[in-house]
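Below is one structure, written out as structure tokens; comments come after it.
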Amino acid sequence: MSKYKIGVLGAGTMGSGIAQVAAQNGHETILVDVSQEMLTKAEAGLDKILARLVEKEKISTIDKGDIQGRISYSTEMEDFKGCGLIIEAIVEKLDVKHSVFKKMETIVSKDCILASNTSSLSIASIGSALTHSERIIGIHFFNPAPLMPLVEIIPAVQTSDEVLQKAKTLIDNWGKSTVVCKDTPGFIVNRVARPFYGEALRIYEEGIADFATIDWAMTEIGGFRMGPFTLMDYIGNDVNYAVTESVFAAFYFDPRFKPSFTQKRHSEAGFYGRKSGRGFYNYAEGVALPEPKKDMKLGQMIVDRILAMLINEAYDAVLMQVASAEDVDKAMTKGVNYPKGLLAWAKEIGPEKILEQLESLFKEYCEDRYRPNVLLKREVNA
Ligand SMILES: NC(=O)c1ccc[n+]([C@@H]2O[C@H](COP(=O)([O-])OP(=O)(O)OC[C@H]3O[C@@H](n4cnc5c(N)ncnc54)[C@H](O)[C@@H]3O)[C@@H](O)[C@H]2O)c1
């Protein structure tokens with residue numbers, strides 16, 4: 001297969017990383033942004049990243065020159081002419097995305113695939129701006145794109161099978177782990193991962209444990225790489241809260257996805273996390289992080305509760321045909337580094353134990369949030 005030219009629109013965090021991946025995989029790549037400043041920054045950033053790869057002997061100096069030689073930078077979308085695929089990674093605003101997709105369609109040939117890297121908008125709504133909407137598809141990379149192996153491939157109701165197969169094969173050939181998922185809010189990862197934050201916040205809000213203790217339990221007992229509060233501080237409370245709010249609204253306010261006042265207040269106060277120097281923790285120099293209460297019984301209770309909620313969400317994604325069980329597990333291990341796939345984890349613990357845990361929460365709270373998924377029930381009762 002000939003390596004066609006790849007276009008990337010938006011030279012920010014995601015677009016610059018995606019352009020790097022395309023060029024590293026031998027494609028002539030054109031990175032376009034309205035801002036010359038962002039393009040200059042992206043070019044300098046790539047030089048630094050590749051220099052580090054040379055230092056670590058991951059690539060040669062010749063490779064570095066070849067990769068850089070394959071990427072060109074422009075403020076003009078007209079330079080997308082001749083592309084076989086364009087991946088859009090600009091601001092998360094539907095009206096702006098509509099206008100750029102309309103314009104792109106006038107520049108490229110009719111078989112050029114037009115993809116969006118959106119995290120929260122529906123692919124169908126973006127594709128509605130196109131005359132040939134069968135060419136729209138979601139290609140959702142994770143941050144940082146060159147390092148994170150997972151890519152969610154999201155066909156919209158308009159997408160043709162040919163476009164889906166072509167896009168998936170291409171990204172597979174780039175050495176990424178792809179999962180195909182339905183065009184539903186949060187796709188796989190941003191949907192299934194919600195209780196990791198939401199239930200941890202709820203446990204804190206009820207006064208069951210503090211941030212440090214919950215983080216300790218989830219890492220030391222649960223085996224997660226980062227505790228929920230450390231992770232929210234890393235992502236940014238403003239960003240993480242906005243995702244939760246948008247998923248909650250997109251699911252017609254299902255209480256399973258209810259945002260938390262604690263995170264909202266932290267965000268309102270400017271306690272965004274690492275980037276602002278303070279989030280759930282204070283990162284100022286000389287300030288020690290709080291010590292967890294290392295109570296094994298309490299810790300296990302925290303892990304069991306959050307894990308049961310995560311597993312329930314994974315079952316729901318499979319029930320609602322968002323993706324196959326195998327892909328849901330692949331997404332959570334490759335996209336957010338979970339120690340095990342949630343459905344495989346459920347089998348290991350015993351689905352009846354997970355169901356018991358959820359039924360007991362549901363009975364105690366009488367809240368819809370804790371309702372056990374029907375697929376889990378069917379599995380236990382089979
Ligand atoms: N940041 C993440 O962790 C992440 C992860 C996955 C997906 N996404 C999605 O990727 C997209 C981009 O996110 P980001 O974090 O890279 O944003 P960013 O703010 O870092 O970069 C956006 C870039 O788009 C440019 N831009 C804005 N309007 C434009 C236009 N009309 N034409 C050309 N360029 C334009 C801006 O100048 C900027 O350089 C969003 O849809 C977001 O939801 C983000």
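Here, A, B, ... name the chains of the structure tokens in the order displayed, residue numbers run from 1 inside each chain, and ligands are numbered from 1 in the same displayed order.
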Problem - Selection: 12 Å around A:Met301, only C-alpha atoms, excl. self and same-chain fewer than 2 positions, as a PyMOL selection string - result: chain A and resi 200+203+208-209+213-214+217-218+221-222+295-299+303-308+357+361
Handout entry: Residues within 10 Å of ligand 1, counting only C-alpha atoms and all ligand atoms, as a VMD selection string
Key = chain A and resid 8 to 18 31 to 39 41 to 42 74 to 77 87 to 101 116 to 121 139 to 145 151 to 152 190 235 239 243
Exercise for the section: Name the residues in contact with A:Phe196 at a cut-off of 12 Å, using only C-alpha atoms, excluding same-chain residues fewer than 5 positions from it; report them as a PyMOL selection string. Expected result: chain A and resi 189-191+201-203+214-215+218+222+224+226-232+240+244+256-257+302-314+332+336+338+342
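The set of residues in stretch 47-79 of chain A assigned to alpha helix (DSSP H) by DSSP, using only backbone atoms of this structure, is Asp47, Lys48, Ile49, Leu50, Ala51, Arg52, Leu53, Val54, Glu55, Thr61, Ile62, Asp63, Lys64, Gly65, Asp66, Ile67, Gln68, Gly69 and Arg70 of chain A.
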Problem - Selected residue of minimal separation from A:Ala250 among A:Thr333, A:Thr61, A:Thr184, A:Gln321, counting only C-alpha atoms - result: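 That would be A:Thr184, the residue with the smallest distance to A:Ala250.
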Problem - DSSP strand (DSSP E) residues within stretch 69-111 of chain A, as an NGL selection string - result: :A and (71-74 or 83-88)
Exercise for the section: Go ahead and compute the interatomic distance for atom CA of A:Ile107 and atom CA of A:Leu170, in Å to one decimal. Expected result: 22.0 Å
Exercise for the section: Give the answer as one residue: which of A:Arg70, A:Pro146, A:Ala284, A:Gly138 has the shortest atom-to-atom distance to A:Ile49, using only C-alpha atoms? Expected result: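 Going through A:Arg70, A:Pro146, A:Ala284, A:Gly138 one by one, the smallest distance to A:Ile49 is for A:Pro146.
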Problem - Spatial neighbours of stretch 154-157 of chain A, 8 Å, only C-alpha atoms, chain gap at least 5 places, as a ChimeraX atom specification - result: /A:122-124,127,136-140,164,180-183,187
Residues just named, written with C-alpha atoms as a PDB file, in the first residue's frame:
```pdb
ATOM      1  CA  SER A 122     -20.406  13.001  18.587  1.00  0.00           C
ATOM      2  CA  ILE A 123     -18.803  11.967  15.311  1.00  0.00           C
ATOM      3  CA  ALA A 124     -22.266  12.005  13.700  1.00  0.00           C
ATOM      4  CA  GLY A 127     -19.985  14.599  10.002  1.00  0.00           C
ATOM      5  CA  ILE A 136     -16.258  10.943   8.542  1.00  0.00           C
ATOM      6  CA  ILE A 137     -14.727   8.864  11.351  1.00  0.00           C
ATOM      7  CA  GLY A 138     -13.455   9.359  14.896  1.00  0.00           C
ATOM      8  CA  ILE A 139      -9.774   8.553  15.444  1.00  0.00           C
ATOM      9  CA  HIS A 140      -9.258   9.235  19.124  1.00  0.00           C
ATOM     10  CA  LEU A 164     -13.752   2.195   8.816  1.00  0.00           C
ATOM     11  CA  VAL A 180     -13.617   0.009  17.482  1.00  0.00           C
ATOM     12  CA  CYS A 181     -16.397   1.627  19.460  1.00  0.00           C
ATOM     13  CA  LYS A 182     -19.862   3.054  19.064  1.00  0.00           C
ATOM     14  CA  ASP A 183     -20.379   6.782  18.690  1.00  0.00           C
ATOM     15  CA  PHE A 187     -16.529   6.387  23.755  1.00  0.00           C
TER      16      PHE A 187
END
```
